[in-house]
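Chemist: Sending over entry-v4.cif (mmCIF, C-alpha atoms).
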data_final
#
loop_
_atom_site.label_atom_id
_atom_site.label_comp_id
_atom_site.auth_asym_id
_atom_site.auth_seq_id
_atom_site.Cartn_x
_atom_site.Cartn_y
_atom_site.Cartn_z
CA MET A 961 16.01 34.60 -77.83
CA ASP A 962 18.96 35.77 -79.97
CA SER A 963 22.55 34.77 -79.29
CA THR A 964 23.44 38.16 -77.74
CA SER A 965 20.60 37.93 -75.20
CA GLN A 966 21.57 34.34 -74.39
CA GLU A 967 25.20 35.40 -73.91
CA LEU A 968 24.16 38.21 -71.53
CA LYS A 969 22.03 35.78 -69.54
CA THR A 970 24.89 33.28 -69.36
CA ASN A 971 27.38 35.95 -68.25
CA GLU A 972 24.98 37.19 -65.57
CA LEU A 973 24.49 33.64 -64.31
CA MET A 974 28.21 32.95 -64.18
CA GLN A 975 28.87 36.27 -62.45
CA ALA A 976 26.24 35.45 -59.84
CA GLN A 977 27.82 32.04 -59.22
CA THR A 978 31.26 33.61 -58.97
CA GLN A 979 30.00 36.12 -56.41
CA LEU A 980 28.45 33.36 -54.30
CA TYR A 981 31.69 31.37 -54.33
CA MET A 982 33.65 34.49 -53.40
CA HIS A 983 31.44 35.13 -50.37
CA ALA A 984 31.39 31.47 -49.33
CA LEU A 985 35.18 31.21 -49.56
CA SER A 986 35.89 34.47 -47.71
CA PHE A 987 36.75 32.39 -44.64
CA ALA A 988 39.90 31.28 -46.47
CA LYS A 989 41.21 34.86 -46.49
CA SER A 990 40.60 35.16 -42.73
CA MET A 991 42.37 31.87 -42.10
CA ALA A 992 45.26 32.91 -44.36
CA ILE A 993 45.72 36.14 -42.36
CA LYS A 994 45.65 34.11 -39.14
CA CYS A 995 48.32 31.78 -40.58
CA VAL A 996 50.50 34.71 -41.67
CA VAL A 997 50.36 36.20 -38.16
CA GLU A 998 51.03 32.86 -36.42
CA LEU A 999 54.04 32.22 -38.67
CA GLY A 1000 55.37 35.68 -37.84
CA ILE A 1001 55.70 36.72 -41.49
CA PRO A 1002 55.06 40.47 -40.92
CA ASN A 1003 57.84 40.59 -38.31
CA ILE A 1004 60.24 38.70 -40.56
CA ILE A 1005 59.67 40.96 -43.58
CA HIS A 1006 59.95 44.02 -41.32
CA SER A 1007 63.27 42.81 -39.90
CA HIS A 1008 64.59 42.02 -43.38
CA GLY A 1009 64.48 45.73 -44.14
CA LYS A 1010 64.17 45.42 -47.93
CA PRO A 1011 62.08 43.48 -50.47
CA MET A 1012 62.23 39.84 -49.38
CA PRO A 1013 62.24 37.14 -52.05
CA LEU A 1014 60.27 33.96 -51.54
CA TYR A 1015 63.34 31.75 -51.00
CA SER A 1016 64.61 34.06 -48.24
CA LEU A 1017 61.22 33.98 -46.54
CA VAL A 1018 61.21 30.16 -46.69
CA ASP A 1019 64.68 30.09 -45.08
CA ALA A 1020 63.74 32.62 -42.40
CA LEU A 1021 60.67 30.56 -41.51
CA SER A 1022 62.76 27.35 -41.44
CA LEU A 1023 60.21 25.67 -43.67
CA PRO A 1024 60.89 22.42 -45.56
CA PRO A 1025 61.73 23.15 -49.23
CA THR A 1026 58.63 21.17 -50.19
CA LYS A 1027 56.49 23.94 -48.66
CA THR A 1028 57.89 26.65 -50.98
CA GLU A 1029 55.12 26.29 -53.56
CA TYR A 1030 52.44 26.43 -50.86
CA LEU A 1031 53.93 29.52 -49.25
CA ASN A 1032 54.00 31.16 -52.67
CA ARG A 1033 50.28 30.49 -53.03
CA LEU A 1034 49.55 31.84 -49.55
CA MET A 1035 51.49 35.04 -50.24
CA ARG A 1036 49.88 35.38 -53.68
CA LEU A 1037 46.48 35.71 -52.01
CA MET A 1038 47.88 38.10 -49.39
CA VAL A 1039 49.42 40.33 -52.07
CA TYR A 1040 46.20 40.35 -54.09
CA SER A 1041 44.25 41.26 -50.93
CA GLY A 1042 46.57 44.16 -50.13
CA ILE A 1043 48.01 42.64 -46.95
CA PHE A 1044 51.47 42.61 -48.55
CA SER A 1045 52.90 44.05 -51.76
CA THR A 1046 55.89 43.27 -53.98
CA GLU A 1047 58.82 45.30 -55.26
CA SER A 1048 61.60 44.57 -57.70
CA LEU A 1049 64.83 43.28 -56.19
CA GLU A 1050 67.93 45.43 -56.61
CA LYS A 1051 69.99 42.76 -58.37
CA ASN A 1052 67.28 41.56 -60.73
CA GLN A 1053 64.45 43.87 -61.74
CA GLU A 1054 62.42 40.90 -62.99
CA ASP A 1055 62.41 39.15 -59.60
CA LYS A 1056 60.11 40.43 -56.89
CA GLY A 1057 60.37 40.59 -53.12
CA TYR A 1058 57.64 40.99 -50.53
CA ILE A 1059 57.23 44.28 -48.67
CA LEU A 1060 54.86 45.46 -45.96
CA THR A 1061 51.81 47.57 -46.70
CA ALA A 1062 50.05 49.92 -44.27
CA THR A 1063 47.84 46.96 -43.34
CA SER A 1064 50.58 44.43 -42.62
CA LYS A 1065 52.52 47.04 -40.63
CA LEU A 1066 49.67 46.78 -38.13
CA LEU A 1067 50.48 43.08 -37.76
CA ILE A 1068 54.01 43.64 -36.44
CA ASN A 1069 53.74 42.52 -32.83
CA THR A 1070 56.58 44.66 -31.48
CA THR A 1071 54.67 47.94 -31.56
CA LYS A 1072 52.05 49.44 -29.25
CA THR A 1073 49.69 49.84 -32.18
CA THR A 1074 49.72 46.19 -33.23
CA SER A 1075 46.47 44.67 -34.46
CA SER A 1076 47.84 41.13 -34.59
CA ALA A 1077 45.54 40.11 -31.74
CA VAL A 1078 42.66 40.72 -34.17
CA ILE A 1079 43.09 37.01 -34.90
CA PHE A 1080 41.01 36.56 -31.74
CA LEU A 1081 38.08 37.24 -34.07
CA ILE A 1082 39.06 34.16 -36.08
CA ASP A 1083 39.45 31.86 -33.05
CA PRO A 1084 37.13 28.81 -32.79
CA PHE A 1085 35.92 30.37 -29.53
CA THR A 1086 34.43 33.33 -31.39
CA MET A 1087 33.61 31.59 -34.68
CA SER A 1088 31.76 28.51 -33.41
CA PRO A 1089 28.54 30.42 -32.52
CA PHE A 1090 27.95 31.07 -36.21
CA TYR A 1091 27.49 27.35 -36.82
CA PHE A 1092 24.45 27.71 -34.53
CA LEU A 1093 23.07 30.89 -36.09
CA SER A 1094 20.07 29.27 -37.79
CA ALA A 1095 19.25 27.24 -34.65
CA TRP A 1096 19.37 30.46 -32.63
CA PHE A 1097 16.98 32.16 -35.05
CA ARG A 1098 14.58 29.27 -34.46
CA GLY A 1099 14.74 29.85 -30.71
CA SER A 1100 17.77 28.04 -29.27
CA GLY A 1101 19.65 30.11 -26.66
CA SER A 1102 19.56 33.80 -25.78
CA THR A 1103 22.47 34.46 -28.15
CA PRO A 1104 24.19 32.31 -30.79
CA PHE A 1105 27.18 32.10 -28.42
CA GLU A 1106 24.98 30.62 -25.69
CA ALA A 1107 23.48 28.22 -28.22
CA ALA A 1108 27.02 27.03 -29.01
CA HIS A 1109 28.67 27.10 -25.58
CA GLY A 1110 25.79 26.87 -23.11
CA MET A 1111 26.81 30.10 -21.34
CA THR A 1112 27.35 33.78 -22.04
CA ILE A 1113 30.58 34.95 -23.59
CA TRP A 1114 31.43 36.78 -20.35
CA ASN A 1115 31.05 33.60 -18.26
CA ALA A 1116 33.11 31.68 -20.81
CA LEU A 1117 35.91 34.26 -20.62
CA GLU A 1118 35.83 34.10 -16.83
CA GLN A 1119 36.22 30.32 -16.88
CA ASN A 1120 39.03 30.22 -19.45
CA PRO A 1121 42.07 32.30 -18.42
CA GLU A 1122 43.97 31.59 -21.66
CA ILE A 1123 41.17 32.84 -23.92
CA ARG A 1124 40.54 35.74 -21.53
CA LYS A 1125 44.17 36.80 -21.92
CA THR A 1126 43.91 36.61 -25.72
CA PHE A 1127 40.76 38.71 -25.58
CA HIS A 1128 42.35 41.42 -23.43
CA ASP A 1129 45.50 41.38 -25.56
CA ALA A 1130 43.25 42.00 -28.58
CA MET A 1131 41.52 44.89 -26.83
CA ALA A 1132 44.86 46.36 -25.69
CA GLY A 1133 46.27 46.22 -29.22
CA ASP A 1134 43.16 47.86 -30.59
CA SER A 1135 43.36 50.57 -27.92
CA GLY A 1136 47.00 51.30 -28.66
CA LEU A 1137 46.25 51.95 -32.31
CA LEU A 1138 42.99 53.83 -31.81
CA MET A 1139 44.14 56.02 -28.94
CA SER A 1140 47.27 57.09 -30.83
CA VAL A 1141 44.86 58.76 -33.26
CA ILE A 1142 42.24 59.94 -30.77
CA VAL A 1143 44.63 61.87 -28.53
CA ASN A 1144 45.36 64.02 -31.58
CA GLU A 1145 42.07 64.10 -33.49
CA GLY A 1146 39.93 64.41 -30.36
CA LYS A 1147 42.39 66.24 -28.15
CA ARG A 1148 39.97 68.89 -26.94
CA VAL A 1149 37.64 66.17 -25.59
CA PHE A 1150 40.18 65.23 -22.92
CA GLU A 1151 42.48 68.21 -22.37
CA ASN A 1152 40.39 70.05 -19.73
CA LEU A 1153 39.46 66.98 -17.68
CA LYS A 1154 40.90 66.38 -14.23
CA SER A 1155 39.48 62.89 -13.73
CA LEU A 1156 38.07 60.13 -15.92
CA VAL A 1157 36.81 56.60 -15.38
CA ASP A 1158 37.35 54.09 -18.19
CA VAL A 1159 34.41 51.69 -17.93
CA GLY A 1160 35.29 48.18 -19.05
CA GLY A 1161 38.87 49.35 -19.46
CA GLY A 1162 40.40 45.88 -19.16
CA THR A 1163 44.13 45.88 -18.51
CA GLY A 1164 44.40 49.66 -18.83
CA ALA A 1165 45.86 50.19 -22.31
CA THR A 1166 43.44 53.03 -23.07
CA ALA A 1167 44.04 54.70 -19.71
CA GLN A 1168 47.81 54.42 -20.20
CA ALA A 1169 47.60 56.17 -23.57
CA LEU A 1170 45.50 58.94 -22.04
CA VAL A 1171 47.74 59.69 -19.07
CA GLU A 1172 50.78 59.73 -21.33
CA ALA A 1173 49.08 62.32 -23.53
CA PHE A 1174 47.51 64.25 -20.62
CA PRO A 1175 49.82 63.97 -17.56
CA ASN A 1176 47.43 65.92 -15.31
CA LEU A 1177 44.56 63.51 -15.90
CA GLU A 1178 43.67 61.05 -13.12
CA CYS A 1179 42.30 57.81 -14.60
CA MET A 1180 40.29 55.07 -12.95
CA VAL A 1181 39.83 51.77 -14.77
CA LEU A 1182 36.61 49.97 -13.85
CA ASP A 1183 36.26 46.32 -14.75
CA LEU A 1184 35.17 43.04 -13.21
CA PRO A 1185 37.29 41.90 -10.23
CA ASN A 1186 38.60 38.83 -12.09
CA VAL A 1187 39.84 41.08 -14.91
CA ILE A 1188 41.77 43.62 -12.82
CA ALA A 1189 42.98 41.18 -10.13
CA ASP A 1190 46.75 41.46 -9.58
CA LEU A 1191 47.07 44.38 -12.01
CA PRO A 1192 49.48 46.92 -10.52
CA GLY A 1193 48.48 50.55 -10.53
CA ALA A 1194 50.57 53.11 -12.37
CA THR A 1195 51.15 56.84 -12.29
CA ASN A 1196 47.71 58.49 -12.45
CA ILE A 1197 45.98 55.11 -12.99
CA VAL A 1198 43.93 53.21 -10.40
CA PHE A 1199 42.20 49.88 -11.07
CA ILE A 1200 38.80 49.36 -9.48
CA GLY A 1201 36.92 46.06 -9.39
CA GLY A 1202 33.19 46.46 -9.85
CA ASP A 1203 30.16 46.13 -12.11
CA MET A 1204 29.02 48.98 -14.34
CA PHE A 1205 25.41 47.87 -13.85
CA ASP A 1206 25.72 48.52 -10.10
CA SER A 1207 27.72 51.73 -9.88
CA ILE A 1208 30.42 53.75 -11.60
CA PRO A 1209 33.01 55.83 -9.65
CA ARG A 1210 32.48 59.58 -9.79
CA ALA A 1211 34.67 61.53 -12.22
CA ASP A 1212 34.55 64.50 -14.58
CA ALA A 1213 33.95 62.12 -17.48
CA VAL A 1214 33.14 58.50 -18.21
CA LEU A 1215 34.81 56.80 -21.17
CA MET A 1216 33.41 53.70 -22.86
CA LYS A 1217 35.40 52.30 -25.76
CA THR A 1218 33.55 49.60 -27.73
CA ILE A 1219 31.47 48.71 -24.68
CA LEU A 1220 27.89 49.64 -25.54
CA HIS A 1221 27.88 47.71 -28.82
CA ASP A 1222 28.09 44.54 -26.71
CA TRP A 1223 24.68 45.17 -25.10
CA ASN A 1224 21.03 45.43 -26.12
CA ASP A 1225 19.17 48.74 -25.89
CA MET A 1226 17.65 48.08 -22.48
CA ASP A 1227 21.02 47.26 -20.93
CA CYS A 1228 22.63 50.26 -22.64
CA VAL A 1229 20.09 52.58 -21.04
CA LYS A 1230 20.89 51.09 -17.61
CA ILE A 1231 24.62 51.59 -18.18
CA LEU A 1232 24.17 55.14 -19.45
CA GLN A 1233 22.00 56.03 -16.46
CA LYS A 1234 24.79 54.86 -14.14
CA CYS A 1235 27.21 56.99 -16.18
CA ARG A 1236 24.96 60.02 -15.72
CA GLU A 1237 24.92 59.49 -11.96
CA ALA A 1238 28.73 59.43 -11.92
CA ILE A 1239 29.44 62.77 -13.62
CA PRO A 1240 28.79 66.43 -12.76
CA SER A 1241 26.40 68.67 -14.70
CA ARG A 1242 27.08 69.84 -18.23
CA GLN A 1243 27.83 73.33 -16.90
CA GLU A 1244 30.53 71.82 -14.69
CA GLY A 1245 32.06 69.96 -17.65
CA GLY A 1246 30.53 66.54 -17.06
CA LYS A 1247 30.23 64.23 -20.08
CA VAL A 1248 30.29 60.68 -21.33
CA ILE A 1249 32.76 59.84 -24.09
CA ILE A 1250 31.82 56.94 -26.35
CA ILE A 1251 34.01 55.26 -28.95
CA ASP A 1252 31.84 53.01 -31.10
CA ALA A 1253 30.52 52.60 -34.62
CA VAL A 1254 27.88 54.98 -36.00
CA MET A 1255 26.42 53.01 -38.87
CA ASN A 1256 25.72 54.49 -42.28
CA GLU A 1257 21.93 54.86 -42.57
CA ASP A 1258 21.56 55.03 -46.36
CA TYR A 1259 23.69 52.10 -47.53
CA ILE A 1260 20.67 50.25 -48.98
CA GLU A 1261 19.27 53.16 -50.98
CA ASN A 1262 22.71 54.28 -52.16
CA LYS A 1263 24.54 51.12 -53.12
CA GLN A 1264 27.08 53.15 -55.05
CA LYS A 1265 28.34 54.41 -51.68
CA GLN A 1266 29.23 50.91 -50.50
CA ASP A 1267 32.74 50.85 -49.14
CA SER A 1268 34.98 48.99 -46.72
CA ILE A 1269 33.80 51.05 -43.73
CA THR A 1270 30.12 50.25 -44.30
CA GLU A 1271 30.86 46.58 -44.90
CA THR A 1272 33.04 46.38 -41.78
CA GLN A 1273 30.24 47.93 -39.71
CA LEU A 1274 27.68 45.48 -41.10
CA LEU A 1275 29.98 42.52 -40.46
CA LEU A 1276 30.77 43.75 -36.95
CA ASP A 1277 27.03 44.06 -36.30
CA ILE A 1278 26.57 40.37 -37.10
CA ALA A 1279 29.66 39.49 -35.05
CA VAL A 1280 28.38 41.17 -31.87
CA MET A 1281 24.93 39.69 -32.49
CA GLY A 1282 26.55 36.26 -32.55
CA GLY A 1283 28.81 36.78 -29.53
CA PRO A 1284 27.62 39.01 -26.68
CA GLY A 1285 24.23 39.70 -28.26
CA GLY A 1286 24.77 43.39 -28.91
CA LYS A 1287 24.39 45.58 -32.01
CA GLU A 1288 25.96 48.38 -33.99
CA ARG A 1289 23.80 51.50 -34.16
CA THR A 1290 22.89 54.32 -36.51
CA GLU A 1291 22.97 57.91 -35.29
CA LYS A 1292 19.18 57.85 -34.80
CA GLU A 1293 19.49 54.73 -32.65
CA TRP A 1294 22.25 56.33 -30.56
CA GLU A 1295 20.16 59.47 -30.11
CA LYS A 1296 17.22 57.38 -28.88
CA LEU A 1297 19.44 55.74 -26.24
CA PHE A 1298 20.75 59.10 -25.04
CA LEU A 1299 17.27 60.58 -24.73
CA GLU A 1300 15.94 57.54 -22.87
CA SER A 1301 18.88 57.84 -20.46
CA ASP A 1302 17.99 61.52 -19.74
CA PHE A 1303 20.97 63.10 -21.48
CA SER A 1304 20.44 66.56 -22.95
CA GLY A 1305 22.48 66.27 -26.11
CA TYR A 1306 25.43 64.77 -27.94
CA LYS A 1307 28.00 65.54 -30.61
CA ILE A 1308 29.87 63.25 -32.98
CA ILE A 1309 33.36 64.72 -32.67
CA CYS A 1310 35.14 62.78 -35.40
CA THR A 1311 35.07 59.59 -37.42
CA LEU A 1312 37.88 57.09 -36.90
CA GLY A 1313 37.66 54.48 -39.63
CA PHE A 1314 34.59 52.37 -38.92
CA ARG A 1315 34.13 53.92 -35.45
CA SER A 1316 33.36 57.41 -34.16
CA LEU A 1317 34.11 59.52 -31.11
CA ILE A 1318 30.89 60.73 -29.49
CA GLU A 1319 30.55 63.26 -26.67
CA VAL A 1320 27.30 62.95 -24.65
CA TYR A 1321 26.13 65.70 -22.27
CA PRO A 1322 23.98 65.39 -19.09
#
The structure in this file should be written as structure tokens.
Modeler:
Amino acid sequence: MDSTSQELKTNELMQAQTQLYMHALSFAKSMAIKCVVELGIPNIIHSHGKPMPLYSLVDALSLPPTKTEYLNRLMRLMVYSGIFSTESLEKNQEDKGYILTATSKLLINTTKTTSSAVIFLIDPFTMSPFYFLSAWFRGSGSTPFEAAHGMTIWNALEQNPEIRKTFHDAMAGDSGLLMSVIVNEGKRVFENLKSLVDVGGGTGATAQALVEAFPNLECMVLDLPNVIADLPGATNIVFIGGDMFDSIPRADAVLMKTILHDWNDMDCVKILQKCREAIPSRQEGGKVIIIDAVMNEDYIENKQKQDSITETQLLLDIAVMGGPGGKERTEKEWEKLFLESDFSGYKIICTLGFRSLIEVYP
């Protein structure tokens, strides 16, 4: 083998090792984002109102001077990852200050569209099942979460009010961001409805966004009694304790935002059949509105098309497999569910990042 061939082989080997280390260390990026949110760095930079030098950030965080170097290293990773950026300071063009990017603006916890509660995904509660993933594959527990905790994720949330609150805060933050887009991009889906039931609607963030955008819409929020207990109603919003597997209140439309991806196909058919019973015919305007991922079907054959949306969908698929035991679905898999639930058709209205808005007709 000549020296050029040997060099190519060596480079390929080192590149492969580098890639493995990058994947194995990806947890460090997640933990760094969690740290940044818990320290309140996005809020501090936002309040500063201009590029914020490292020393000012250290002062604002009231950190010991000895932590300056470590904070610099934390922010270096966050800048490289696109969470923050830097800009020259006015007084000295050589010195840089931190500024928010579109991503870190979502981490400001004073806005309705905050995604800071996404750190729930990095909580030991949700991460521990993945230490049991191989044991689960060998037959331990119905889901990796049950293998780790000895109960379903829903029972665990019911027994732990603090984690349950974090979970619903995460869902509310996600709803605030997503619905701010949907009420514009998918406006026609909702504008002619008189009534709607939000299945698994939690504390009502999605319903609140809808009634603000469509004042004539009457919303019901269906969730388990322990979730909606003590929640006050609001204008055009009523909370109903119940179980979607038993019955769903009648309305012009049923909305399910990131609900079906938590369940296996058999359970999804049961839920969809209850939805069908709750709505009028297609001719009368009845429909089910689903907000969930529609996975890219050709990502293996067309690796050049790999992007952040496809990777997020694939990661989310493993996450729901590990937690509630659900799955993300391709369009063909969604269509199969709709047909088995006796729906006549569907339409993917628009794509919203890694999720889509789907209209399903009885």
Chemist: Might you spell out which residues the PyMOL selection byres ((chain A and resi 1138) around 12) would select in the displayed file, as a CSV table (one decimal) with C-alpha atoms, keeping the file's coordinate frame?
Modeler:
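Everything below was put into out38.csv:
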chain,number,residue,atom,x,y,z
A,1066,LEU,CA,49.7,46.8,-38.1
A,1072,LYS,CA,52.0,49.4,-29.2
A,1073,THR,CA,49.7,49.8,-32.2
A,1074,THR,CA,49.7,46.2,-33.2
A,1075,SER,CA,46.5,44.7,-34.5
A,1131,MET,CA,41.5,44.9,-26.8
A,1132,ALA,CA,44.9,46.4,-25.7
A,1133,GLY,CA,46.3,46.2,-29.2
A,1134,ASP,CA,43.2,47.9,-30.6
A,1135,SER,CA,43.4,50.6,-27.9
A,1136,GLY,CA,47.0,51.3,-28.7
A,1137,LEU,CA,46.2,52.0,-32.3
A,1139,MET,CA,44.1,56.0,-28.9
A,1140,SER,CA,47.3,57.1,-30.8
A,1141,VAL,CA,44.9,58.8,-33.3
A,1142,ILE,CA,42.2,59.9,-30.8
A,1143,VAL,CA,44.6,61.9,-28.5
A,1144,ASN,CA,45.4,64.0,-31.6
A,1145,GLU,CA,42.1,64.1,-33.5
A,1146,GLY,CA,39.9,64.4,-30.4
A,1165,ALA,CA,45.9,50.2,-22.3
A,1166,THR,CA,43.4,53.0,-23.1
A,1169,ALA,CA,47.6,56.2,-23.6
A,1170,LEU,CA,45.5,58.9,-22.0
A,1217,LYS,CA,35.4,52.3,-25.8
A,1218,THR,CA,33.6,49.6,-27.7
A,1251,ILE,CA,34.0,55.3,-29.0
A,1252,ASP,CA,31.8,53.0,-31.1
A,1311,THR,CA,35.1,59.6,-37.4
A,1312,LEU,CA,37.9,57.1,-36.9
A,1313,GLY,CA,37.7,54.5,-39.6
A,1314,PHE,CA,34.6,52.4,-38.9
A,1315,ARG,CA,34.1,53.9,-35.4
A,1316,SER,CA,33.4,57.4,-34.2
A,1317,LEU,CA,34.1,59.5,-31.1
Chemist: Measure the distance from atom CA of Ile1082 of chain A to atom CA of Thr1063 of chain A in Å and round it to one decimal.
Modeler: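 Taking atom CA of Ile1082 of chain A and atom CA of Thr1063 of chain A, their separation equals 17.1 Å.
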Chemist: State, in Å with one decimal place, the distance from atom CA of Ala1116 of chain A to atom CA of Ser1100 of chain A.
Modeler: 17.9 Å
Chemist: Could you check which of A:Tyr1058, A:Phe1127, A:Tyr1306, A:Phe1174 is closest to Leu1156 of chain A, using all atoms listed in the file?
Modeler: A:Phe1174
Chemist: So, counting all atoms listed in the file, which residue among A:Met1255, A:Ala1107, A:Met991, A:Met1038 is closest to Ser1094 of chain A?
Modeler: A:Ala1107
Chemist: Neighbouring residues of Ser1207 of chain A were defined as those with any atom within 10 Å, considering only C-alpha atoms; residues of the same chain fewer than 5 positions away were excluded. Please report them as a list in words.
Modeler: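 Using only C-alpha atoms, the neighbours found are Leu1182, Gly1202, Ile1231, Gln1233, Lys1234, Cys1235, Glu1237 and Ala1238 of chain A.
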Chemist: In Å to one decimal, how far is atom CA of His983 of chain A from atom CA of Pro1002 of chain A?
Modeler: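 Between atom CA of Pro1002 of chain A and atom CA of His983 of chain A the gap is 26.0 Å.
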Chemist: Would you pick out the contacts of Lys1247 of chain A at 6 Å or less, using all atoms listed in the file, so that residues sharing its chain but fewer than 4 positions from it are not included, and give the list as a ChimeraX atom specification?
Modeler: /A:1213,1320-1321
Chemist: Could you spell out the hits of the PyMOL selection byres ((chain A and resi 1253) around 12) on the shown file, as a VMD selection string?
Modeler: chain A and resid 1217 to 1222 1250 to 1252 1254 to 1257 1269 to 1277 1280 1287 to 1291 1293 to 1294 1308 1310 to 1318
Chemist: List the residues matched by the PyMOL selection byres ((chain A and resi 1032) around 12) in the displayed structure as an MDAnalysis selection string, ordered by chain and then by residue number.
Modeler: chainID A and resid 1013:1018 1025:1031 1033:1039 1056:1058
Chemist: Kindly indicate which residue among A:Met1204, A:His1109, A:Asn1152, A:Asp1083 lies nearest to Cys995 of chain A, using all atoms listed in the file for the distances.
Modeler: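 For Cys995 of chain A, the nearest of the given residues is A:Asp1083.
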